[in-house]
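Asks: File my_file-v9.txt follows (compact mmCIF, C-alpha atoms):
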```txt
# COMPACT_ATOMS: atom_id res chain seq x y z
CA MET A 1 21.44 -65.62 -126.71
CA ASP A 2 19.44 -62.42 -126.84
CA GLY A 3 15.70 -62.74 -127.23
CA ASP A 4 13.27 -60.50 -129.07
CA LEU A 5 12.19 -57.16 -127.68
CA VAL A 6 8.61 -57.58 -126.49
CA THR A 7 6.22 -54.64 -126.15
CA ILE A 8 4.28 -54.02 -122.96
CA PRO A 9 1.58 -51.90 -124.60
CA ALA A 10 0.69 -48.59 -122.97
CA ARG A 11 -1.89 -49.15 -120.16
CA ARG A 12 -1.73 -52.94 -120.62
CA GLY A 13 -0.16 -56.11 -119.22
CA LYS A 14 2.11 -58.79 -120.66
CA ALA A 15 3.52 -62.02 -119.22
CA ALA A 16 6.16 -64.54 -120.30
CA ARG A 17 7.92 -67.71 -119.16
CA VAL A 18 11.56 -67.38 -118.05
CA ARG A 19 14.01 -70.21 -117.33
CA ALA A 20 16.38 -70.20 -114.35
CA GLY A 21 19.58 -68.38 -115.33
CA GLN A 22 17.97 -66.23 -118.02
CA THR A 23 17.97 -62.46 -117.61
CA VAL A 24 14.95 -60.23 -118.09
CA ARG A 25 15.83 -56.72 -119.25
CA VAL A 26 13.02 -54.22 -118.61
CA VAL A 27 13.38 -51.06 -120.69
CA ASN A 28 11.85 -47.70 -119.79
CA THR A 29 11.55 -46.98 -123.51
CA HIS A 30 10.22 -43.42 -123.39
CA GLY A 31 11.29 -42.60 -119.82
CA ASP A 32 9.05 -41.84 -116.82
CA GLN A 33 6.97 -45.02 -117.17
CA VAL A 34 6.25 -47.17 -114.13
CA VAL A 35 6.26 -50.92 -114.83
CA ASP A 36 4.53 -53.02 -112.17
CA THR A 37 6.32 -56.38 -112.07
CA TRP A 38 5.36 -59.77 -110.66
CA ALA A 39 7.08 -63.16 -110.72
CA PHE A 40 5.55 -66.57 -110.00
CA ARG A 41 7.18 -69.98 -109.60
CA ALA A 42 6.66 -71.74 -112.95
CA ASP A 43 5.26 -74.98 -111.53
CA ASP A 44 3.29 -73.45 -108.63
CA MET A 45 1.62 -70.09 -109.10
CA THR A 46 0.83 -69.89 -105.37
CA GLU A 47 4.53 -69.21 -104.78
CA PHE A 48 5.47 -65.73 -105.98
CA MET A 49 7.88 -62.85 -105.46
CA SER A 50 6.90 -61.17 -102.20
CA MET A 51 7.81 -57.61 -101.29
CA GLU A 52 7.35 -58.17 -97.55
CA HIS A 53 9.54 -61.27 -97.53
CA SER A 54 12.16 -59.64 -99.80
CA ARG A 55 12.49 -56.52 -97.64
CA ALA A 56 13.21 -58.68 -94.57
CA HIS A 57 16.01 -60.34 -96.56
CA ILE A 58 17.65 -57.42 -98.42
CA LEU A 59 17.15 -55.10 -95.42
CA LYS A 60 16.14 -52.24 -97.73
CA ILE A 61 12.89 -50.80 -99.02
CA ILE A 62 14.39 -50.44 -102.53
CA PRO A 63 16.55 -53.21 -104.02
CA VAL A 64 19.88 -52.33 -105.65
CA VAL A 65 22.18 -54.27 -107.99
CA GLY A 66 23.25 -57.46 -106.21
CA ASP A 67 20.04 -57.82 -104.19
CA THR A 68 17.95 -60.96 -104.56
CA MET A 69 14.18 -60.86 -104.17
CA LEU A 70 12.50 -63.77 -102.37
CA THR A 71 9.22 -65.61 -102.78
CA ASN A 72 6.56 -65.96 -100.10
CA HIS A 73 8.38 -69.23 -99.28
CA ARG A 74 11.62 -67.21 -98.96
CA ARG A 75 13.31 -68.79 -101.97
CA PRO A 76 15.44 -66.62 -104.30
CA ILE A 77 13.46 -65.72 -107.42
CA LEU A 78 14.95 -62.61 -109.10
CA THR A 79 18.29 -60.82 -108.67
CA PHE A 80 18.96 -57.23 -109.73
CA VAL A 81 22.03 -57.48 -112.01
CA GLU A 82 21.91 -54.11 -113.84
CA ASP A 83 20.15 -50.81 -113.25
CA THR A 84 20.75 -47.72 -115.41
CA SER A 85 17.48 -46.06 -114.35
CA GLY A 86 18.71 -44.03 -111.39
CA GLY A 87 17.83 -46.74 -108.89
CA ILE A 88 14.43 -45.41 -107.85
CA HIS A 89 11.82 -48.17 -107.56
CA ASP A 90 9.02 -48.99 -105.15
CA THR A 91 8.15 -52.03 -103.04
CA ILE A 92 5.55 -50.58 -100.67
CA ILE A 93 2.53 -49.53 -102.77
CA ALA A 94 -0.23 -51.85 -104.04
CA ALA A 95 -1.03 -52.24 -107.73
CA CYS A 96 -3.71 -49.78 -108.82
CA ASP A 97 -7.17 -51.28 -109.25
CA CYS A 98 -10.78 -50.34 -110.01
CA HIS A 99 -11.31 -49.30 -106.37
CA ARG A 100 -8.36 -46.90 -106.54
CA TYR A 101 -9.67 -45.06 -109.59
CA LYS A 102 -13.17 -44.86 -108.14
CA PHE A 103 -11.63 -43.28 -104.99
CA LEU A 104 -9.74 -40.83 -107.25
CA GLY A 105 -13.03 -39.72 -108.82
CA VAL A 106 -12.97 -41.66 -112.08
CA GLU A 107 -16.42 -42.67 -113.35
CA GLY A 108 -16.68 -45.90 -115.33
CA TYR A 109 -13.84 -48.27 -116.16
CA HIS A 110 -10.20 -47.21 -115.95
CA ASP A 111 -7.36 -49.49 -117.04
CA ASN A 112 -5.48 -50.68 -113.97
CA CYS A 113 -2.44 -52.77 -113.09
CA THR A 114 -4.41 -55.41 -111.17
CA ASP A 115 -6.59 -56.25 -114.18
CA ASN A 116 -3.49 -56.03 -116.41
CA LEU A 117 -1.70 -58.65 -114.32
CA HIS A 118 -4.55 -61.12 -114.67
CA ALA A 119 -5.10 -60.33 -118.38
CA GLY A 120 -1.39 -60.77 -119.09
CA LEU A 121 -1.34 -64.14 -117.35
CA ALA A 122 -4.55 -65.24 -119.12
CA GLU A 123 -2.96 -64.43 -122.48
CA ILE A 124 -0.44 -67.22 -121.87
CA GLY A 125 -2.98 -69.59 -120.33
CA LEU A 126 -2.21 -68.96 -116.65
CA SER A 127 -3.98 -67.50 -113.66
CA SER A 128 -3.29 -66.44 -110.08
CA ALA A 129 -5.84 -66.33 -107.27
CA GLU A 130 -3.83 -63.58 -105.60
CA THR A 131 -2.63 -60.16 -106.70
CA PRO A 132 0.72 -60.04 -104.91
CA SER A 133 2.10 -56.67 -103.91
CA PRO A 134 4.12 -55.71 -107.02
CA LEU A 135 7.72 -54.69 -107.56
CA ASN A 136 7.01 -51.26 -109.03
CA LEU A 137 10.00 -50.67 -111.30
CA PHE A 138 10.84 -46.98 -111.85
CA MET A 139 8.11 -45.83 -109.43
CA ASN A 140 9.13 -42.95 -107.17
CA ILE A 141 7.63 -43.12 -103.67
CA PRO A 142 9.99 -41.25 -101.35
CA VAL A 143 9.73 -42.26 -97.68
CA ARG A 144 10.70 -39.34 -95.45
CA PRO A 145 12.34 -39.40 -91.99
CA ASP A 146 8.92 -38.58 -90.45
CA ARG A 147 7.63 -41.81 -92.14
CA THR A 148 5.35 -40.00 -94.58
CA LEU A 149 5.44 -40.85 -98.27
CA SER A 150 4.25 -39.27 -101.50
CA PHE A 151 3.63 -40.16 -105.14
CA GLU A 152 6.27 -38.45 -107.34
CA ALA A 153 7.32 -38.53 -111.00
CA PRO A 154 9.93 -41.17 -111.98
CA VAL A 155 13.57 -40.26 -112.51
CA ALA A 156 14.23 -42.99 -115.12
CA PRO A 157 15.50 -41.57 -118.45
CA PRO A 158 14.29 -42.83 -121.87
CA GLY A 159 16.00 -46.09 -122.79
CA SER A 160 17.22 -46.82 -119.27
CA HIS A 161 16.73 -50.35 -117.99
CA VAL A 162 16.83 -52.83 -115.16
CA ALA A 163 18.10 -56.39 -115.69
CA LEU A 164 16.80 -59.17 -113.43
CA ARG A 165 18.28 -62.69 -113.35
CA ALA A 166 15.83 -65.53 -112.84
CA GLU A 167 16.86 -67.72 -109.89
CA MET A 168 14.22 -70.36 -110.70
CA ASP A 169 11.98 -71.24 -113.64
CA LEU A 170 9.33 -68.58 -113.38
CA VAL A 171 6.54 -66.63 -115.01
CA ILE A 172 7.11 -62.90 -115.17
CA ALA A 173 4.24 -60.44 -115.58
CA PHE A 174 4.29 -56.71 -116.25
CA SER A 175 1.85 -53.84 -116.40
CA ALA A 176 2.70 -50.54 -118.06
CA CYS A 177 0.92 -48.53 -115.34
CA PRO A 178 -2.11 -46.62 -116.68
CA GLN A 179 -2.18 -44.15 -113.78
CA ASP A 180 -2.94 -40.73 -115.32
CA ILE A 181 -4.65 -39.04 -112.36
CA LEU A 182 -1.52 -38.84 -110.14
CA PRO A 183 1.87 -37.81 -111.66
CA ILE A 184 3.38 -41.24 -111.00
CA ASN A 185 4.12 -41.78 -114.73
CA GLY A 186 5.57 -38.29 -115.22
CA VAL A 187 3.85 -35.03 -116.10
CA GLY A 188 2.85 -33.51 -119.42
CA HIS A 189 2.37 -36.78 -121.31
CA PRO A 190 0.11 -39.83 -121.11
CA PRO A 191 1.31 -43.24 -119.82
CA THR A 192 3.42 -44.99 -122.46
CA GLU A 193 4.48 -48.45 -123.58
CA ALA A 194 7.61 -50.14 -122.24
CA HIS A 195 9.59 -53.17 -123.44
CA PHE A 196 11.31 -56.28 -122.14
CA ARG A 197 13.71 -58.85 -123.52
CA ILE A 198 14.65 -62.29 -122.17
CA ASP A 199 18.33 -63.11 -122.73
CA GLY A 200 20.39 -66.22 -122.17
CA MET B 1 -19.63 -52.21 -72.67
CA ASP B 2 -16.17 -53.46 -71.91
CA GLY B 3 -15.36 -57.04 -72.83
CA ASP B 4 -13.15 -59.54 -71.05
CA LEU B 5 -9.41 -59.36 -71.28
CA VAL B 6 -8.30 -62.20 -73.57
CA THR B 7 -4.81 -63.69 -73.44
CA ILE B 8 -2.69 -64.07 -76.54
CA PRO B 9 -0.42 -66.78 -75.09
CA ALA B 10 3.31 -66.35 -75.49
CA ARG B 11 4.45 -67.66 -78.92
CA ARG B 12 0.84 -68.39 -79.93
CA GLY B 13 -2.08 -67.00 -81.94
CA LYS B 14 -5.63 -66.00 -81.04
CA ALA B 15 -8.56 -64.76 -83.14
CA ALA B 16 -11.97 -63.25 -82.41
CA ARG B 17 -15.03 -61.80 -84.11
CA VAL B 18 -15.55 -58.03 -83.86
CA ARG B 19 -18.64 -56.04 -84.86
CA ALA B 20 -18.49 -52.72 -86.73
CA GLY B 21 -18.14 -49.88 -84.20
CA GLN B 22 -16.50 -52.01 -81.51
CA THR B 23 -12.98 -51.17 -80.38
CA VAL B 24 -10.16 -53.67 -80.00
CA ARG B 25 -7.61 -52.71 -77.36
CA VAL B 26 -4.29 -54.54 -77.78
CA VAL B 27 -2.18 -54.43 -74.64
CA ASN B 28 1.60 -54.87 -74.56
CA THR B 29 1.24 -56.46 -71.13
CA HIS B 30 4.89 -56.98 -70.24
CA GLY B 31 6.37 -54.47 -72.70
CA ASP B 32 8.65 -55.17 -75.68
CA GLN B 33 6.34 -57.77 -77.23
CA VAL B 34 5.51 -57.61 -80.96
CA VAL B 35 1.92 -58.56 -81.81
CA ASP B 36 1.36 -59.47 -85.46
CA THR B 37 -2.19 -58.42 -86.31
CA TRP B 38 -4.53 -59.34 -89.16
CA ALA B 39 -8.15 -58.42 -89.93
CA PHE B 40 -10.53 -60.15 -92.33
CA ARG B 41 -13.99 -59.12 -93.53
CA ALA B 42 -16.43 -61.23 -91.46
CA ASP B 43 -18.49 -62.51 -94.39
CA ASP B 44 -15.65 -62.88 -96.92
CA MET B 45 -12.23 -63.98 -95.69
CA THR B 46 -10.68 -63.19 -99.10
CA GLU B 47 -11.05 -59.50 -98.22
CA PHE B 48 -8.55 -58.50 -95.54
CA MET B 49 -6.56 -55.60 -94.14
CA SER B 50 -3.76 -54.90 -96.62
CA MET B 51 -0.56 -53.07 -95.73
CA GLU B 52 0.19 -52.12 -99.36
CA HIS B 53 -3.28 -50.70 -99.93
CA SER B 54 -3.30 -48.93 -96.54
CA ARG B 55 0.06 -47.21 -97.10
CA ALA B 56 -1.20 -45.75 -100.40
CA HIS B 57 -4.16 -44.30 -98.47
CA ILE B 58 -2.60 -43.04 -95.22
CA LEU B 59 0.57 -41.89 -97.07
CA LYS B 60 2.76 -43.19 -94.25
CA ILE B 61 4.69 -46.37 -93.53
CA ILE B 62 3.50 -46.32 -89.89
CA PRO B 63 -0.12 -45.45 -89.02
CA VAL B 64 -0.85 -42.93 -86.28
CA VAL B 65 -4.02 -42.12 -84.30
CA GLY B 66 -6.69 -41.04 -86.78
CA ASP B 67 -5.41 -43.20 -89.64
CA THR B 68 -7.70 -45.81 -91.18
CA MET B 69 -6.33 -49.03 -92.60
CA LEU B 70 -7.90 -50.38 -95.81
CA THR B 71 -8.66 -53.83 -97.15
CA ASN B 72 -7.34 -55.25 -100.42
CA HIS B 73 -10.62 -53.86 -101.86
CA ARG B 74 -9.70 -50.46 -100.40
CA ARG B 75 -12.55 -50.40 -97.87
CA PRO B 76 -11.97 -48.99 -94.36
CA ILE B 77 -11.47 -51.84 -91.88
CA LEU B 78 -9.62 -50.58 -88.76
CA THR B 79 -8.93 -47.08 -87.43
CA PHE B 80 -6.21 -46.24 -84.90
CA VAL B 81 -8.05 -44.41 -82.10
CA GLU B 82 -5.54 -44.63 -79.22
CA ASP B 83 -1.83 -45.38 -78.99
CA THR B 84 0.11 -45.12 -75.72
CA SER B 85 2.95 -47.36 -76.96
CA GLY B 86 5.28 -44.71 -78.37
CA GLY B 87 3.87 -45.03 -81.88
CA ILE B 88 6.43 -47.44 -83.27
CA HIS B 89 4.85 -50.20 -85.38
CA ASP B 90 5.70 -51.93 -88.65
CA THR B 91 3.86 -52.43 -91.92
CA ILE B 92 6.68 -53.59 -94.19
CA ILE B 93 7.94 -56.95 -92.87
CA ALA B 94 6.33 -60.36 -93.51
CA ALA B 95 5.12 -62.59 -90.69
CA CYS B 96 7.84 -64.98 -89.57
CA ASP B 97 7.43 -68.54 -90.84
CA CYS B 98 9.18 -71.92 -90.87
CA HIS B 99 11.38 -70.78 -93.79
CA ARG B 100 12.57 -67.75 -91.83
CA TYR B 101 13.73 -69.80 -88.84
CA LYS B 102 15.43 -72.35 -91.08
CA PHE B 103 17.32 -69.44 -92.73
CA LEU B 104 18.26 -68.18 -89.24
CA GLY B 105 19.81 -71.56 -88.43
CA VAL B 106 17.06 -73.14 -86.33
CA GLU B 107 16.85 -76.93 -86.65
CA GLY B 108 13.44 -78.53 -86.28
CA TYR B 109 10.17 -76.73 -85.63
CA HIS B 110 10.05 -73.17 -84.30
CA ASP B 111 6.80 -71.44 -83.39
CA ASN B 112 6.04 -68.76 -85.97
CA CYS B 113 3.47 -66.04 -86.64
CA THR B 114 2.29 -67.55 -89.93
CA ASP B 115 1.31 -70.85 -88.31
CA ASN B 116 -0.13 -68.90 -85.34
CA LEU B 117 -2.43 -66.93 -87.66
CA HIS B 118 -3.86 -70.09 -89.16
CA ALA B 119 -4.10 -71.90 -85.80
CA GLY B 120 -5.85 -68.89 -84.24
CA LEU B 121 -8.40 -68.80 -87.06
CA ALA B 122 -8.91 -72.58 -86.91
CA GLU B 123 -9.68 -72.31 -83.18
CA ILE B 124 -12.82 -70.31 -84.06
CA GLY B 125 -13.68 -72.44 -87.10
CA LEU B 126 -12.26 -70.17 -89.80
CA SER B 127 -9.50 -70.33 -92.39
CA SER B 128 -7.69 -68.13 -94.88
CA ALA B 129 -5.96 -69.30 -98.05
CA GLU B 130 -3.61 -66.32 -97.82
CA THR B 131 -1.22 -65.08 -95.16
CA PRO B 132 -1.63 -61.33 -95.66
CA SER B 133 1.29 -59.08 -94.81
CA PRO B 134 0.59 -58.30 -91.12
CA LEU B 135 0.25 -55.08 -89.16
CA ASN B 136 3.11 -55.68 -86.75
CA LEU B 137 2.04 -53.76 -83.65
CA PHE B 138 4.93 -52.53 -81.48
CA MET B 139 7.55 -53.84 -83.96
CA ASN B 140 10.50 -51.51 -84.48
CA ILE B 141 11.86 -51.53 -88.04
CA PRO B 142 13.51 -48.15 -88.63
CA VAL B 143 13.78 -47.13 -92.30
CA ARG B 144 16.77 -44.86 -92.81
CA PRO B 145 17.24 -42.03 -95.35
CA ASP B 146 19.50 -44.37 -97.38
CA ARG B 147 16.49 -46.79 -97.57
CA THR B 148 18.10 -49.46 -95.41
CA LEU B 149 16.20 -50.97 -92.51
CA SER B 150 17.04 -53.02 -89.45
CA PHE B 151 15.35 -55.17 -86.80
CA GLU B 152 15.40 -53.35 -83.44
CA ALA B 153 13.91 -53.85 -79.97
CA PRO B 154 10.43 -52.37 -79.36
CA VAL B 155 9.94 -49.10 -77.46
CA ALA B 156 6.50 -50.03 -76.07
CA PRO B 157 6.40 -49.94 -72.23
CA PRO B 158 4.63 -52.59 -70.11
CA GLY B 159 0.87 -52.01 -70.07
CA SER B 160 0.88 -49.67 -73.06
CA HIS B 161 -1.76 -50.25 -75.70
CA VAL B 162 -3.19 -49.49 -79.11
CA ALA B 163 -6.96 -49.20 -79.66
CA LEU B 164 -8.39 -49.99 -83.09
CA ARG B 165 -11.99 -49.25 -84.09
CA ALA B 166 -13.64 -51.80 -86.38
CA GLU B 167 -15.06 -50.09 -89.50
CA MET B 168 -16.87 -53.27 -90.62
CA ASP B 169 -17.83 -56.60 -89.07
CA LEU B 170 -14.53 -58.43 -89.05
CA VAL B 171 -12.39 -61.22 -87.70
CA ILE B 172 -9.24 -60.10 -85.94
CA ALA B 173 -6.26 -62.40 -85.48
CA PHE B 174 -3.11 -61.93 -83.42
CA SER B 175 0.18 -63.67 -82.91
CA ALA B 176 2.42 -62.95 -79.91
CA CYS B 177 5.58 -63.12 -82.03
CA PRO B 178 7.85 -66.04 -81.01
CA GLN B 179 10.97 -64.53 -82.59
CA ASP B 180 13.82 -65.20 -80.15
CA ILE B 181 16.78 -65.25 -82.57
CA LEU B 182 16.63 -61.54 -83.48
CA PRO B 183 16.07 -58.89 -80.73
CA ILE B 184 12.70 -57.88 -82.20
CA ASN B 185 10.87 -58.78 -78.95
CA GLY B 186 13.42 -57.04 -76.72
CA VAL B 187 16.63 -58.33 -75.19
CA GLY B 188 17.31 -60.27 -72.02
CA HIS B 189 13.96 -62.03 -71.80
CA PRO B 190 11.96 -64.54 -73.84
CA PRO B 191 8.89 -63.58 -75.93
CA THR B 192 5.87 -63.02 -73.70
CA GLU B 193 2.09 -63.14 -73.74
CA ALA B 194 -0.02 -60.09 -74.64
CA HIS B 195 -3.71 -59.32 -74.18
CA PHE B 196 -6.66 -57.82 -76.02
CA ARG B 197 -10.15 -56.67 -75.11
CA ILE B 198 -13.13 -55.94 -77.34
CA ASP B 199 -15.19 -52.98 -76.09
CA GLY B 200 -18.47 -51.44 -77.18
```
Please render this file's structure as structure tokens.
Replies:
Amino acid sequence: MDGDLVTIPARRGKAARVRAGQTVRVVNTHGDQVVDTWAFRADDMTEFMSMEHSRAHILKIIPVVGDTMLTNHRRPILTFVEDTSGGIHDTIIAACDCHRYKFLGVEGYHDNCTDNLHAGLAEIGLSSAETPSPLNLFMNIPVRPDRTLSFEAPVAPPGSHVALRAEMDLVIAFSACPQDILPINGVGHPPTEAHFRIDG
Amino acid sequence: MDGDLVTIPARRGKAARVRAGQTVRVVNTHGDQVVDTWAFRADDMTEFMSMEHSRAHILKIIPVVGDTMLTNHRRPILTFVEDTSGGIHDTIIAACDCHRYKFLGVEGYHDNCTDNLHAGLAEIGLSSAETPSPLNLFMNIPVRPDRTLSFEAPVAPPGSHVALRAEMDLVIAFSACPQDILPINGVGHPPTEAHFRIDG
């Protein structure tokens, strides 16, 4: 059964409960938009999807269809089952936060993915002591043979999506990344909304 | 002033307090040995060296001499000031843990870097709720142009070292990695001890 399309508002966070076996479709509605993604075990928020544990398991820095992400207890939590976005995502960069925007020269408050995670969880009555390193869907961080990396514009077209199957009952959280200092959400337009749908 | 050489026993952890401006020299005594390394702010253990925040700052997946690692609050914590090891380290793989060895087919308890971190901290009366993603000194995880990675033997010769300058008062913790299922600590010999010295 297909669920409703839920908006992740531009520059904001949103979280939802997902049952094992359901699929979460994350849509890059307008293209170019990075969606920071977290997943927590439903009955224990201290167990969560971990980039460093997942990379050791999938033996890649970017997951592809068929790959299963692990928790910090190395249990399967989300499997990539569809990807029409071009396959460029990021697992190595932290969520942006107030410190990042201060470093980039912003004065005063700037929306950020770290606060969005915690606000999204709070909206459904949950909290996490940690800010796990996120799965940055659609984010383009090329790693070169000389081991340098850079922040580039996404390649994901409007309407493209990733579908992730829940391998346990979990809480998923998203942030439509508000980064507008670096070109990580494309050039020539502000950060936009994105959408998700829980099917099954 | 040069400090005493401290042993990180084979397959075990060890932690120490370091003052801002002091230098920690980590010696690959017998060669080939991976040393998982963590650093925590001395007066607040919830602030710690973060691989995902550091990569966004140094714009590399492996730090080189001159690079400064950041905390999860994006403050400078450790700077690479010397490296005679060949420059191959890892920032993308989680510390090994009981779950990892179970997955690799080990029955019963196996020493692991996660438990070593917490035991090393406990030995000096400290604790951390989190197991941050470690700086895996001397660990050889090549990332290929197709984004795949693999676990390879270190290139660090016997007696080679890395020197890290403390940018704040901190607690440093090490684990001489006990991994003996994969060749990550070299081939043809068991995991060994390593040493460190705090100077200045």
Asks: Take atom CA of Ala42 of chain A and atom CA of Asp199 of chain A and report the distance between them in Å, one decimal.
Replies: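 Atom CA of Asp199 of chain A lies 17.5 Å from atom CA of Ala42 of chain A.
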Asks: Taking (-21.6, -57.8, -82.1) in the file's own coordinates, collect the residues within 12 Å, counting only C-alpha atoms, and hand them back as an NGL selection string.
Replies: :B and (1 or 3 or 16-23 or 42 or 166 or 168-171 or 198-200)
Asks: With a distance threshold of 8 Å and counting only C-alpha atoms, extract the residues of chain B near chain A and express them as a count of residues only.
Replies: 23
Asks: What's the 8 Å shell around Asp180 of chain A, counting all atoms listed in the file, without same-chain residues fewer than 5 positions away, as a count of residues only?
Replies: 3
Asks: Ranking A:Val34, A:Cys177, A:His195, A:Val26 by minimum distance to Thr114 of chain A and counting only C-alpha atoms, which one comes first?
Replies: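 Looking only at the distances to Thr114 of chain A, the closest residue turns out to be A:Cys177.
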Asks: Which protein, DNA or RNA residues are at most 7 Å from (-0.1, -41.2, -107.7) in the file's coordinates when you count all atoms listed in the file, listed as a PyMOL selection string?
Replies: chain A and resi 151-152+181-184
Asks: How would the residues just picked look written out with C-alpha atoms as a compact mmCIF listing (two decimals), keeping the file's coordinate frame?
Replies:
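Below you can see again34.txt, which holds the result:
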```txt
# COMPACT_ATOMS: atom_id res chain seq x y z
CA PHE A 151 3.63 -40.16 -105.14
CA GLU A 152 6.27 -38.45 -107.34
CA ILE A 181 -4.65 -39.04 -112.36
CA LEU A 182 -1.52 -38.84 -110.14
CA PRO A 183 1.87 -37.81 -111.66
CA ILE A 184 3.38 -41.24 -111.00
```
Asks: Taking all atoms of segment 175-187 of chain B that the file lists and extending 5 Å past them on each side, where is the centre of the axis-aligned box and how long are its edges? Answer in Å to one decimal, as lines of an AutoDock Vina configuration file.
Replies:
```
center_x = 8.5
center_y = -61.5
center_z = -79.3
size_x = 26.6
size_y = 19.0
size_z = 18.3
```
